[in-house]
Protein chains: 4
Amino acid sequence: MTINVGLIGYGYWGPNLARNIQATDGLRLAAIADCDPSSQERAAAAWPQTQILSGANELIEGRGVDAIVIASPVHRHAEHALAALRSGRHVLVEKPMVTKSEDALLLIEEADKRQLTLMVDHTFVYHGAIRKIRQLLDQDHLGKLLYYDSVRINLGLFQSDVDVLWDLAAHDISIMSYLIGKSPSTVSCIGQRHFENTPTNMAYLTMLFEDGLIAHTHVNWLSPVKLRRTLIGGDRRMVIYDDLDPDEKVKIYDRGVSIQTAPRLPTEKKVDYRTGDIAIPALDRTEALTRVVSHFRDCIRSGCKPETGGPEGLEVVRILETAQQSLTRQGQSVPLLG
Amino acid sequence: MTINVGLIGYGYWGPNLARNIQATDGLRLAAIADCDPSSQERAAAAWPQTQILSGANELIEGRGVDAIVIASPVHRHAEHALAALRSGRHVLVEKPMVTKSEDALLLIEEADKRQLTLMVDHTFVYHGAIRKIRQLLDQDHLGKLLYYDSVRINLGLFQSDVDVLWDLAAHDISIMSYLIGKSPSTVSCIGQRHFENTPTNMAYLTMLFEDGLIAHTHVNWLSPVKLRRTLIGGDRRMVIYDDLDPDEKVKIYDRGVSIQTAPRLPTEKKVDYRTGDIAIPALDRTEALTRVVSHFRDCIRSGCKPETGGPEGLEVVRILETAQQSLTRQGQSVPLLG
Amino acid sequence: MTINVGLIGYGYWGPNLARNIQATDGLRLAAIADCDPSSQERAAAAWPQTQILSGANELIEGRGVDAIVIASPVHRHAEHALAALRSGRHVLVEKPMVTKSEDALLLIEEADKRQLTLMVDHTFVYHGAIRKIRQLLDQDHLGKLLYYDSVRINLGLFQSDVDVLWDLAAHDISIMSYLIGKSPSTVSCIGQRHFENTPTNMAYLTMLFEDGLIAHTHVNWLSPVKLRRTLIGGDRRMVIYDDLDPDEKVKIYDRGVSIQTAPRLPTEKKVDYRTGDIAIPALDRTEALTRVVSHFRDCIRSGCKPETGGPEGLEVVRILETAQQSLTRQGQSVPLLG
Amino acid sequence: MTINVGLIGYGYWGPNLARNIQATDGLRLAAIADCDPSSQERAAAAWPQTQILSGANELIEGRGVDAIVIASPVHRHAEHALAALRSGRHVLVEKPMVTKSEDALLLIEEADKRQLTLMVDHTFVYHGAIRKIRQLLDQDHLGKLLYYDSVRINLGLFQSDVDVLWDLAAHDISIMSYLIGKSPSTVSCIGQRHFENTPTNMAYLTMLFEDGLIAHTHVNWLSPVKLRRTLIGGDRRMVIYDDLDPDEKVKIYDRGVSIQTAPRLPTEKKVDYRTGDIAIPALDRTEALTRVVSHFRDCIRSGCKPETGGPEGLEVVRILETAQQSLTRQGQSVPLLG
């Protein structure tokens with residue numbers, strides 16, 4: 001049975017969602033709502049057979065859709081998602097899920113109560129590169145994780161409703177959270193707003209975990225070059241994930257050190273270095289958003305929990321909230337509350 | 001008149017210093033002291049005409065040298081440099097100058113009192129790339145500085161007497177300090193010691209300046225790849241300095257944003273982006289250490305203050321000390337005391 | 001007045017042409033013809049307001065189009081273009097224009113006689129990078145040209161109707177021809193067909209010019225990596241054009257040698273090397289095909305000759321024909337007949 | 001028993017040979033001969049315990065050396081090597097071995113008659129990267145070889161006594177010859193001499209083999225950038241060897257095509273593409289010249305033939321001679337005589 005999907009928001013990301021919804025077996029792009037007339041026009045030209053509406057409420061209150069995909073501005077996510085769930089629709093919401101963790105909890109509760117699918121579009125989690133790294137971790141290929149270091153910088157679009165953390169670090173936190181599978185105990189964040197009346201445009205975010213793992217993200221809208229690079233250091237192998245490399249996104253290094261815990265002689269070298277082969281695995285090149293949308297369909301059909309559902313969305317929001325607190329205290333370490 | 005130079009320490013860096021001392025007009029490598037017999041042997045084989053001594057004291061207490069270059073382990077710097085100054089010798093000491101700022105003050109005072117040259121080997125400050133960037137700043141080519149971000153990571157030599165901050169970040173702080181020419185107001189540092197009985201092996205250091213400039217350094221002995229990259233963001237132009245690029249070490253980007261402070265219409269775009277040319281200047285390729293050693297000679301001769309003298313060495317030590325304090329408080333921001 | 005455009009061929013390149021025709025002011029995509037039913041379907045879905053036809057003849061013999069764009073298989077170009085011109089339509093034909101120079105001459109003559117626009121889609125000629133390099137040459141920025149060396153290799157689509165020369169080298173020859181502005185005197189080509197019943201899949205093409213300029217192209221469908229790189233050596237400056245570099249496509253090197261023609265002393269060094277700055281100019285990022293299509297429109301309107309008209313298409317075909325002759329004689333140098 | 005070695009020529013490469021001779025167990029650097037007084041001075045300063053002579057004859061006619069290493073200008077190789085062999089000394093001669101194949105034959109005959117070691121310093125053959133690639137070939141890891149393509153270009157030292165072929169292509173031919181293990185049937189070469197009274201400064205060399213393998217080398221002294229890259233295409237796997245990459249010199253690509261020889265249906269796709277993993281093996285990082293020198297010692301001791309002995313040196317000379325002939329005939333294909 002075909003699932004009729006309504007899309008709220010046809011700005012930057014909406015067209016990609018629309019294209020993937022329409023291309024997914026079992027889904028039909030039934031309606032698109034956007035309050036901006038020029039977006040409505042673009043939507044109408046591209047999707048002649050889809051109903052174009054001028055507001056989210058119209059879509060939510062109307063009939064004819066079974067599921068709603070929310071790509072409205074971030075500060076409207078909570079309101080739109082809650083209304084959609086309350087009207088009995090399954091929901092796929094853009095990242096970041098909401099701006100306050102209490103809103104995330106509300107959505108999770110509502111979805112659970114009504115047995116509806118609530119999914120967050122943490123797109124990168126569905127990317128072939130991230131899947132491959134997760135597989136390496138699941139097979140204990142990297143050993144114990146020591147650090148996670150990511151850089152996501154470019155001469156970027158200054159957003160008006162979110163700062164660089166909620167815009168860019170949201171990606172890194174969702175990826176890290178999926179790969180590491182546990183929560184940090186503390187969060188520190190230092191950043192800067194370089195221009196009046198604009199949001200924080202660069203930030204350094206550090207997370208400490210109980211077992212000694214340290215995670216760090218540099219996000220920046222003011223870099224002259226675009227970088228999307230993550231280093232993952234395990235005590236057995238290390239990985240570099242460079243999202244901009246067309247051919248070599250994931251490199252696995254058989255490199256590291258061995259520490260001799262009890263050298264027999266005081267003059268003995270305590271640290272041994274290992275420099276072995278590098279492997280660059282072929283990756284599944286399916287567009288990540290295609291997988292997001294088909295996973296959403298599968299969850300609706302099966303009733304199973306999405307891989308990036310409410311709790312995963314909440315985790316990202318909690319870390320961002322805590323980072324924001326730390327930012328206002330000049331980087332003081334803030335415990336992540338459970 | 002030839003200046004006779006004694007060298008204390010013939011380990012990793014000592015041979016480079018010896019080679020440059022001997023190759024500099026007006027200097028003569030008169031003596032080398034090292035307590036390790038195998039180092040003595042290496043020194044004797046390489047410098048058949050130089051006196052080889054088995055200890056620093058022997059060199060300092062002996063005669064025949066006018067200046068002393070100190071490349072002993074970091075925790076001996078203060079002792080060796082103070083004795084050398086008290087014995088009336090000019091001193092060039094490896095970075096980091098000393099491990100405590102009170103020792104740095106003592107050395108500065110002693111050198112001033114005796115009108116001796118006290119210089120610190122902040123090698124990178126004498127590198128063609130750094131000179132070029134400083135020239136760009138002096139000519140106000142980059143505009144107001146917004147951020148300074150450096151990464152200095154590799155699968156590195158775990159040092160036994162210093163941690164990764166005193167080993168690697170000392171370079172970044174000395175470069176930054178030379179380029180920026182003012183002190184940060186606060187310092188934060190988070191890091192990790194991943195193995196027992198070894199020093200902190202990775203750290204993130206953030207410095208805030210009064211005018212909104214933010215500086216950050218990532219140093220790491222556990223990276224699978226070697227990176228030496230610095231981004232310098234000005235509001236007029238930006239620079240990337242990649243020390244490992246054989247051909248394109250300094251790139252100057254005519255890129256950035258212009259913020260409209262008072263848009264006439266609410267719908268007006270507030271941020272304009274600029275993506276202009278990139279320039280890669282040819283650099284002076286003189287070996288940096290060659291310049292260090294000849295600058296030391298010139299200062300001895302002229303009595304002028306070195307570009308990286310006692311005060312500059314002290315500045316690096318003060319920032320490292322403050323970073324160390326922040327590190328023990330999980331990254332809490334610590335004011336840099338004057 | 002709107003020009004109604006018909007498109008023949010909706011395979012790989014056709015959709016890009018369709019999109020650009022439709023997006024160009026003054027042009028209307030009136031009809032698309034393709035004999036393959038699945039291509040017809042794709043065209044119908046994408047262009048609901050365009051007439052979809054099952055054959056080129058239907059389009060040419062029908063009414064309602066003023067200009068015809070030909071993206072049919074290469075061996076049909078001559079037939080389709082000639083019929084289109086004879087029916088009084090302006091023609092834009094994909095590269096390579098035709099497979100025999102006599103056909104090119106026929107088309108040129110027909111277009112001239114009827115005062116119709118005949119243009120060849122040498123897309124790269126309209127690319128911002130190539131325009132910039134041409135400008136450098138026009139301003140004598142590079143000095144006298146010494147060599148032109150291009151590499152265009154990848155794990156490529158084995159074409160069934162053309163070999164690697166007519167597929168890939170056609171690009172290099174059209175670019176070179178536009179930049180250099182004169183014809184080679186001789187052409188040599190060595191290549192290999194590695195698999196039975198498939199065309200030549202790699203080739204090395206060398207062209208000599210009367211003034212000492214040497215041009216060389218390596219084209220290959222069997223490379224493990226994709227490279228699109230051209231070196232242009234002038235005696236004043238040199239250029240590297242790397243089409244795959246997202247940010248640094250054109251690099252201008254102030255490098256070269258100066259030869260002392262009459263050294264005063266026999267021991268004097270005869271060659272001086274110059275290693276100056278590198279400049280990376282910002283480029284016009286307009287899609288090249290957008291410019292192709294709007295230039296076609298402008299030529300139709302004004303009656304002016306296109307920058308890549310019949311004679312430019314013929315030049316590429318003549319060089320390819322000569323290369324083919326050389327290829328069958330194991331690389332023997334063949335004069336390019338005028 | 002220690003082998004006393006005499007070195008003829010202390011110019012660019014001589015110091016590297018001297019250092020490796022002296023550092024090799026069982027060898028002693030007994031004498032260095034160079035007719036240039038400044039080279040003699042440099043040699044005397046660096047090797048205080050070695051006899052410094054002002055001419056090759058003095059060394060050859062004198063006593064006290066058992067083996068002679070020849071790094072004199074290329075056109076003197078034959079004369080020096082022949083005299084050395086006739087005086088009963090083992091010989092290691094720089095590449096290219098000699099300038100005429102008849103001289104190579106003479107040397108081979110002389111060494112055979114006297115049962116002396118005659119070795120050519122094809123340094124790259126002893127490089128960890130080339131050894132690794134040879135191992136891949138020996139294990140049939142790459143399948144049937146289809147092509148060999150190398151680029152060796154830079155803003156290079158214009159040599160006075162050899163052209164770019166004998167200077168640079170000698171390396172590529174020696175590597176190719178070692179890896180492929182068979183002779184080409186024909187050789188073509190096109191090049192250019194851009195300045196009067198200087199040798200050919202760029203050339204394209206193509207070699208065809210009986211089984212369809214095609215090899216090509218681009219050598220150039222006038223490139224703005226330095227490239228040292230070789231592609232080796234097998235029908236099972238492909239290799240890229242980039243000598244300038246500090247960390248990833250050899251990359252093995254599991255990529256290629258499969259041609260269906262008899263498609264069942266005419267519409268069936270005839271070519272299948274394979275894009276699998278990339279592997280970057282860790283390499284033995286021993287300096288290649290260290291291996292050259294110790295292999296020379298081993299051959300002297302054991303009487304075994306060197307891996308790069310007279311016949312291997314001759315092969316390179318024969319190909320270069322044939323290339324030179326082709327060069328004078330504008331690239332006409334010339335059979336390689338056996």
# chains A, B, ... in the order shown; residues from 1 in each chain; ligands from 1
$ select_by_dssp --residues "range 43-229 of chain D" --states "strand (DSSP E)" --output "number ranges by chain"
D: 51-53, 67-70, 90-94, 118-121, 145-155, 186-192, 202-208, 214-220, 222-229
$ residues_around --residues "range 148-161 of chain A" --least-positions-apart "2" --cutoff "8 Å" --atoms "only C-alpha atoms" --output "short mmCIF file (atom, residue, chain, number, x, y, z; two decimals) with all heavy atoms, in the first residue's frame"
data_model
loop_
_atom_site.label_atom_id
_atom_site.label_comp_id
_atom_site.auth_asym_id
_atom_site.auth_seq_id
_atom_site.Cartn_x
_atom_site.Cartn_y
_atom_site.Cartn_z
N PRO A 73 12.21 25.79 9.07
CA PRO A 73 13.30 26.33 9.89
C PRO A 73 13.36 25.62 11.24
O PRO A 73 12.33 25.20 11.78
CB PRO A 73 12.92 27.81 10.05
CG PRO A 73 12.09 28.12 8.85
CD PRO A 73 11.34 26.86 8.56
N VAL A 74 14.56 25.52 11.81
CA VAL A 74 14.79 24.70 13.00
C VAL A 74 13.84 25.07 14.15
O VAL A 74 13.31 24.19 14.83
CB VAL A 74 16.27 24.83 13.44
CG1 VAL A 74 16.50 24.09 14.74
CG2 VAL A 74 17.18 24.32 12.35
N HIS A 75 13.60 26.36 14.36
CA HIS A 75 12.81 26.76 15.52
C HIS A 75 11.33 26.39 15.37
O HIS A 75 10.56 26.50 16.31
CB HIS A 75 12.97 28.24 15.83
CG HIS A 75 12.40 29.12 14.76
ND1 HIS A 75 13.07 29.43 13.60
CD2 HIS A 75 11.19 29.76 14.67
CE1 HIS A 75 12.32 30.21 12.85
NE2 HIS A 75 11.18 30.42 13.46
N LEU A 145 38.84 2.72 21.45
CA LEU A 145 38.88 4.08 20.89
C LEU A 145 39.59 5.04 21.83
O LEU A 145 39.27 5.10 23.02
CB LEU A 145 37.47 4.59 20.62
CG LEU A 145 36.82 4.12 19.32
CD1 LEU A 145 35.60 4.97 19.03
CD2 LEU A 145 37.81 4.22 18.16
N LEU A 146 40.53 5.81 21.29
CA LEU A 146 41.27 6.77 22.08
C LEU A 146 40.79 8.20 21.84
O LEU A 146 40.63 8.98 22.76
CB LEU A 146 42.76 6.67 21.76
CG LEU A 146 43.37 5.27 21.94
CD1 LEU A 146 44.81 5.24 21.44
CD2 LEU A 146 43.30 4.84 23.39
N ASP A 163 23.13 28.93 15.17
CA ASP A 163 24.56 29.26 15.10
C ASP A 163 25.32 28.09 14.50
O ASP A 163 24.73 27.08 14.10
CB ASP A 163 25.08 29.65 16.49
CG ASP A 163 25.09 28.49 17.46
OD1 ASP A 163 24.84 27.34 17.05
OD2 ASP A 163 25.34 28.74 18.65
N VAL A 164 26.63 28.24 14.44
CA VAL A 164 27.46 27.24 13.75
C VAL A 164 27.41 25.88 14.45
O VAL A 164 27.55 24.84 13.80
CB VAL A 164 28.90 27.78 13.60
CG1 VAL A 164 29.66 27.72 14.93
CG2 VAL A 164 29.66 27.03 12.52
N ASP A 167 24.11 24.25 13.48
CA ASP A 167 24.14 24.01 12.04
C ASP A 167 25.12 22.90 11.67
O ASP A 167 24.74 21.89 11.07
CB ASP A 167 24.53 25.31 11.31
CG ASP A 167 24.63 25.14 9.79
OD1 ASP A 167 23.86 24.35 9.22
OD2 ASP A 167 25.48 25.81 9.17
N LEU A 168 26.40 23.06 12.04
CA LEU A 168 27.42 22.13 11.58
C LEU A 168 27.75 21.04 12.60
O LEU A 168 27.87 19.86 12.24
CB LEU A 168 28.71 22.88 11.22
CG LEU A 168 28.64 23.85 10.04
CD1 LEU A 168 30.03 24.41 9.74
CD2 LEU A 168 28.10 23.16 8.79
N ALA A 169 27.93 21.41 13.88
CA ALA A 169 28.34 20.40 14.85
C ALA A 169 27.25 19.34 15.02
O ALA A 169 27.55 18.20 15.42
CB ALA A 169 28.68 21.05 16.19
N ASP A 172 28.40 16.38 13.20
CA ASP A 172 29.48 15.63 13.83
C ASP A 172 29.00 14.85 15.04
O ASP A 172 29.41 13.72 15.28
CB ASP A 172 30.61 16.60 14.23
CG ASP A 172 31.25 17.21 13.00
OD1 ASP A 172 31.93 16.49 12.29
OD2 ASP A 172 31.00 18.40 12.74
N MET A 176 29.26 10.90 15.41
CA MET A 176 30.04 10.39 16.54
C MET A 176 29.18 9.51 17.43
O MET A 176 29.59 8.42 17.86
CB MET A 176 30.57 11.58 17.34
CG MET A 176 31.47 11.22 18.48
SD MET A 176 31.60 12.64 19.62
CE MET A 176 29.99 12.53 20.46
N THR A 198 24.98 38.64 14.46
CA THR A 198 25.07 37.36 13.76
C THR A 198 25.34 36.30 14.82
O THR A 198 25.80 36.63 15.92
CB THR A 198 26.21 37.33 12.73
OG1 THR A 198 27.44 37.50 13.43
CG2 THR A 198 26.05 38.41 11.68
N PRO A 199 25.05 35.06 14.53
CA PRO A 199 25.28 34.03 15.55
C PRO A 199 26.77 33.68 15.68
O PRO A 199 27.59 34.11 14.87
CB PRO A 199 24.50 32.82 15.02
CG PRO A 199 23.87 33.23 13.73
CD PRO A 199 24.45 34.52 13.30
N ASN A 201 30.02 32.09 15.01
CA ASN A 201 30.39 31.60 13.68
C ASN A 201 31.54 30.61 13.67
O ASN A 201 31.88 30.08 12.63
CB ASN A 201 30.69 32.77 12.74
CG ASN A 201 31.75 33.71 13.28
OD1 ASN A 201 31.42 34.65 13.99
ND2 ASN A 201 33.01 33.43 13.00
N LEU A 213 38.25 8.20 26.38
CA LEU A 213 38.04 8.69 25.01
C LEU A 213 37.82 10.20 25.03
O LEU A 213 37.09 10.70 25.88
CB LEU A 213 36.83 7.98 24.41
CG LEU A 213 36.30 8.49 23.07
CD1 LEU A 213 37.32 8.32 21.96
CD2 LEU A 213 35.01 7.77 22.69
N ILE A 214 38.45 10.90 24.10
CA ILE A 214 38.26 12.35 23.99
C ILE A 214 37.79 12.65 22.56
O ILE A 214 38.35 12.14 21.59
CB ILE A 214 39.55 13.11 24.36
CG1 ILE A 214 39.39 14.63 24.19
CG2 ILE A 214 40.75 12.62 23.59
CD1 ILE A 214 40.54 15.42 24.81
N ALA A 215 36.72 13.44 22.47
CA ALA A 215 36.18 13.79 21.16
C ALA A 215 36.22 15.31 21.00
O ALA A 215 36.02 16.05 21.97
CB ALA A 215 34.75 13.29 21.01
N HIS A 216 36.51 15.77 19.81
CA HIS A 216 36.68 17.21 19.58
C HIS A 216 36.19 17.55 18.18
O HIS A 216 36.39 16.78 17.23
CB HIS A 216 38.17 17.57 19.70
CG HIS A 216 38.47 19.03 19.57
ND1 HIS A 216 38.72 19.64 18.36
CD2 HIS A 216 38.56 20.01 20.50
CE1 HIS A 216 38.96 20.93 18.57
NE2 HIS A 216 38.87 21.18 19.86
N THR A 217 35.52 18.70 18.07
CA THR A 217 35.03 19.13 16.77
C THR A 217 35.34 20.60 16.57
O THR A 217 35.13 21.41 17.47
CB THR A 217 33.49 18.93 16.70
OG1 THR A 217 33.22 17.55 16.75
CG2 THR A 217 32.93 19.49 15.42
N HIS A 218 35.87 20.91 15.42
CA HIS A 218 36.08 22.30 15.04
C HIS A 218 35.07 22.64 13.94
O HIS A 218 35.11 22.05 12.86
CB HIS A 218 37.53 22.48 14.55
CG HIS A 218 37.82 23.85 13.97
ND1 HIS A 218 38.86 24.08 13.10
CD2 HIS A 218 37.19 25.05 14.14
CE1 HIS A 218 38.86 25.36 12.77
NE2 HIS A 218 37.87 25.97 13.37
N VAL A 219 34.18 23.57 14.23
CA VAL A 219 33.21 24.00 13.23
C VAL A 219 33.40 25.49 12.98
O VAL A 219 33.67 26.25 13.90
CB VAL A 219 31.75 23.70 13.65
CG1 VAL A 219 31.47 22.20 13.53
CG2 VAL A 219 31.45 24.19 15.06
N ASN A 220 33.29 25.89 11.72
CA ASN A 220 33.69 27.25 11.37
C ASN A 220 33.02 27.66 10.06
O ASN A 220 33.10 26.95 9.06
CB ASN A 220 35.23 27.27 11.21
CG ASN A 220 35.82 28.65 11.20
OD1 ASN A 220 35.16 29.60 10.82
ND2 ASN A 220 37.08 28.75 11.61
N TRP A 221 32.37 28.82 10.09
CA TRP A 221 31.77 29.37 8.86
C TRP A 221 32.72 30.33 8.14
O TRP A 221 32.35 30.95 7.15
CB TRP A 221 30.50 30.15 9.19
CG TRP A 221 29.29 29.34 9.47
CD1 TRP A 221 29.03 28.06 9.07
CD2 TRP A 221 28.11 29.77 10.19
NE1 TRP A 221 27.79 27.67 9.52
CE2 TRP A 221 27.21 28.71 10.19
CE3 TRP A 221 27.76 30.96 10.84
CZ2 TRP A 221 25.95 28.78 10.82
CZ3 TRP A 221 26.52 31.04 11.46
CH2 TRP A 221 25.63 29.95 11.44
N LEU A 222 33.91 30.51 8.68
CA LEU A 222 34.78 31.57 8.16
C LEU A 222 36.11 31.04 7.64
O LEU A 222 37.11 31.74 7.64
CB LEU A 222 35.08 32.59 9.26
CG LEU A 222 34.30 33.89 9.26
CD1 LEU A 222 34.90 34.85 10.26
CD2 LEU A 222 34.25 34.53 7.89
N SER A 223 36.13 29.80 7.19
CA SER A 223 37.38 29.25 6.69
C SER A 223 37.52 29.54 5.20
O SER A 223 36.55 29.45 4.46
CB SER A 223 37.41 27.74 6.93
OG SER A 223 38.44 27.15 6.16
N PRO A 224 38.73 29.84 4.74
CA PRO A 224 38.89 30.10 3.29
C PRO A 224 38.72 28.82 2.46
O PRO A 224 38.48 28.91 1.27
CB PRO A 224 40.32 30.63 3.19
CG PRO A 224 41.03 30.11 4.41
CD PRO A 224 39.99 30.02 5.48
N VAL A 225 38.92 27.68 3.08
CA VAL A 225 38.78 26.42 2.35
C VAL A 225 37.77 25.52 3.05
O VAL A 225 37.50 25.69 4.24
CB VAL A 225 40.12 25.65 2.25
CG1 VAL A 225 41.09 26.38 1.34
CG2 VAL A 225 40.72 25.42 3.62
N LYS A 226 37.25 24.59 2.29
CA LYS A 226 36.29 23.65 2.84
C LYS A 226 37.02 22.39 3.29
O LYS A 226 37.78 21.80 2.52
CB LYS A 226 35.27 23.29 1.76
CG LYS A 226 34.13 22.42 2.24
CD LYS A 226 33.05 22.26 1.17
CE LYS A 226 31.87 21.46 1.71
NZ LYS A 226 30.77 21.37 0.74
N LEU A 227 36.83 22.00 4.52
CA LEU A 227 37.39 20.75 5.04
C LEU A 227 36.28 19.98 5.73
O LEU A 227 35.47 20.56 6.45
CB LEU A 227 38.51 21.01 6.05
CG LEU A 227 39.85 21.55 5.55
CD1 LEU A 227 40.81 21.72 6.73
CD2 LEU A 227 40.46 20.60 4.54
N ARG A 228 36.29 18.66 5.52
CA ARG A 228 35.34 17.77 6.19
C ARG A 228 36.14 16.54 6.55
O ARG A 228 36.12 15.56 5.82
CB ARG A 228 34.21 17.35 5.23
CG ARG A 228 33.33 18.47 4.73
CD ARG A 228 32.28 18.78 5.77
NE ARG A 228 31.34 19.79 5.34
CZ ARG A 228 31.53 21.10 5.57
NH1 ARG A 228 32.62 21.52 6.15
NH2 ARG A 228 30.61 21.96 5.19
N ARG A 229 36.89 16.62 7.63
CA ARG A 229 37.80 15.52 7.92
C ARG A 229 37.71 15.05 9.36
O ARG A 229 37.73 15.85 10.28
CB ARG A 229 39.23 15.93 7.60
CG ARG A 229 40.21 14.78 7.81
CD ARG A 229 41.45 14.93 6.99
NE ARG A 229 41.93 16.28 7.03
CZ ARG A 229 42.88 16.75 6.24
NH1 ARG A 229 43.43 15.98 5.34
NH2 ARG A 229 43.27 17.99 6.35
N THR A 230 37.66 13.76 9.53
CA THR A 230 37.55 13.16 10.85
C THR A 230 38.66 12.14 11.05
O THR A 230 38.89 11.31 10.18
CB THR A 230 36.19 12.47 11.00
OG1 THR A 230 35.16 13.44 10.78
CG2 THR A 230 36.02 11.87 12.38
N LEU A 231 39.35 12.24 12.17
CA LEU A 231 40.36 11.25 12.56
C LEU A 231 39.79 10.43 13.70
O LEU A 231 39.28 10.99 14.67
CB LEU A 231 41.62 11.93 13.09
CG LEU A 231 42.71 12.33 12.11
CD1 LEU A 231 42.27 13.53 11.31
CD2 LEU A 231 44.00 12.65 12.85
N ILE A 232 39.89 9.14 13.60
CA ILE A 232 39.42 8.27 14.66
C ILE A 232 40.58 7.38 15.08
O ILE A 232 41.09 6.58 14.28
CB ILE A 232 38.22 7.42 14.18
CG1 ILE A 232 37.11 8.33 13.69
CG2 ILE A 232 37.73 6.51 15.30
CD1 ILE A 232 35.94 7.60 13.05
N GLY A 233 41.05 7.58 16.30
CA GLY A 233 42.23 6.87 16.75
C GLY A 233 41.86 5.71 17.65
O GLY A 233 41.33 5.92 18.75
N GLY B 256 36.33 36.02 2.19
CA GLY B 256 35.77 36.42 3.46
C GLY B 256 34.33 36.83 3.32
O GLY B 256 33.69 36.56 2.30
N VAL B 271 24.74 39.08 4.90
CA VAL B 271 26.12 38.64 4.77
C VAL B 271 26.48 38.48 3.30
O VAL B 271 25.77 37.81 2.56
CB VAL B 271 26.34 37.31 5.51
CG1 VAL B 271 27.80 36.89 5.43
CG2 VAL B 271 25.87 37.39 6.95
N TYR B 273 29.46 37.26 0.58
CA TYR B 273 30.64 36.41 0.52
C TYR B 273 31.55 36.87 -0.60
O TYR B 273 31.09 37.28 -1.66
CB TYR B 273 30.22 34.95 0.33
CG TYR B 273 29.32 34.51 1.45
CD1 TYR B 273 27.93 34.64 1.37
CD2 TYR B 273 29.87 34.02 2.63
CE1 TYR B 273 27.12 34.28 2.42
CE2 TYR B 273 29.07 33.66 3.69
CZ TYR B 273 27.68 33.80 3.57
OH TYR B 273 26.88 33.46 4.63
#
$ interface_residues --of "chain B" --to "chain C" --cutoff "12 Å" --atoms "only C-alpha atoms" --output "list in words"
Asp247, Glu248, Lys249, Val250, Lys251, Ile252, Tyr253, Asp254, Arg255, Arg274, Thr275, Gly276, Asp277, Ile278, Ala279, Ile280, Pro281, Ala282, Leu283, Asp284 and Arg285 of chain B
$ atom_distance --atom1 "CA of Gly64 in chain C" --atom2 "CA of Leu289 in chain C"
23.9 Å
$ select_by_dssp --residues "range 83-273 of chain A" --states "alpha helix (DSSP H)" --output "MDAnalysis selection string"
chainID A and resid 83:86 101:114 128:138 164 170:180
$ residues_around --residues "Glu58 in chain C" --least-positions-apart "2" --cutoff "12 Å" --atoms "only C-alpha atoms" --output "list in words"
Gly6, Leu7, Ile8, Ala31, Ile32, Ala33, Asp34, Cys35, Gln51, Ile52, Leu53, Ser54, Gly55, Ala56, Ile60, Glu61, Gly62, Arg63, Gly64, Val65, His80, Ala83 and Ala84 of chain C
$ residues_around --residues "Thr99 in chain C" --least-positions-apart "6" --cutoff "10 Å" --atoms "only C-alpha atoms" --output "VMD selection string"
chain C and resid 74 to 78 162 166 314 317 to 318 320 to 321
$ atom_distance --atom1 "CA of His122 in chain C" --atom2 "CA of Ser185 in chain C"
22.1 Å
$ atom_distance --atom1 "CA of Tyr178 in chain D" --atom2 "CA of Arg86 in chain D"
28.4 Å
$ residues_around --residues "Phe124 in chain D" --least-positions-apart "3" --cutoff "8 Å" --atoms "only C-alpha atoms" --output "list in words"
His127, Ile130, His171, Ser174, Ile175 and Ala288 of chain D
$ residues_around --residues "range 44-47 of chain C" --least-positions-apart "4" --cutoff "12 Å" --atoms "only C-alpha atoms" --output "list in words"
Ala45, Ala46, Trp47, Pro48 and Gln49 of chain A; Tyr10, Gly14, Pro15, Asn16, Ala18, Arg19, Ile21, Gln22, Arg28, Leu29, Ala30, Ala31, Ile32, Ala33, Asp34, Pro37, Ser38, Ser39, Gln40, Gln51, Ile52, Leu53 and Ser54 of chain C
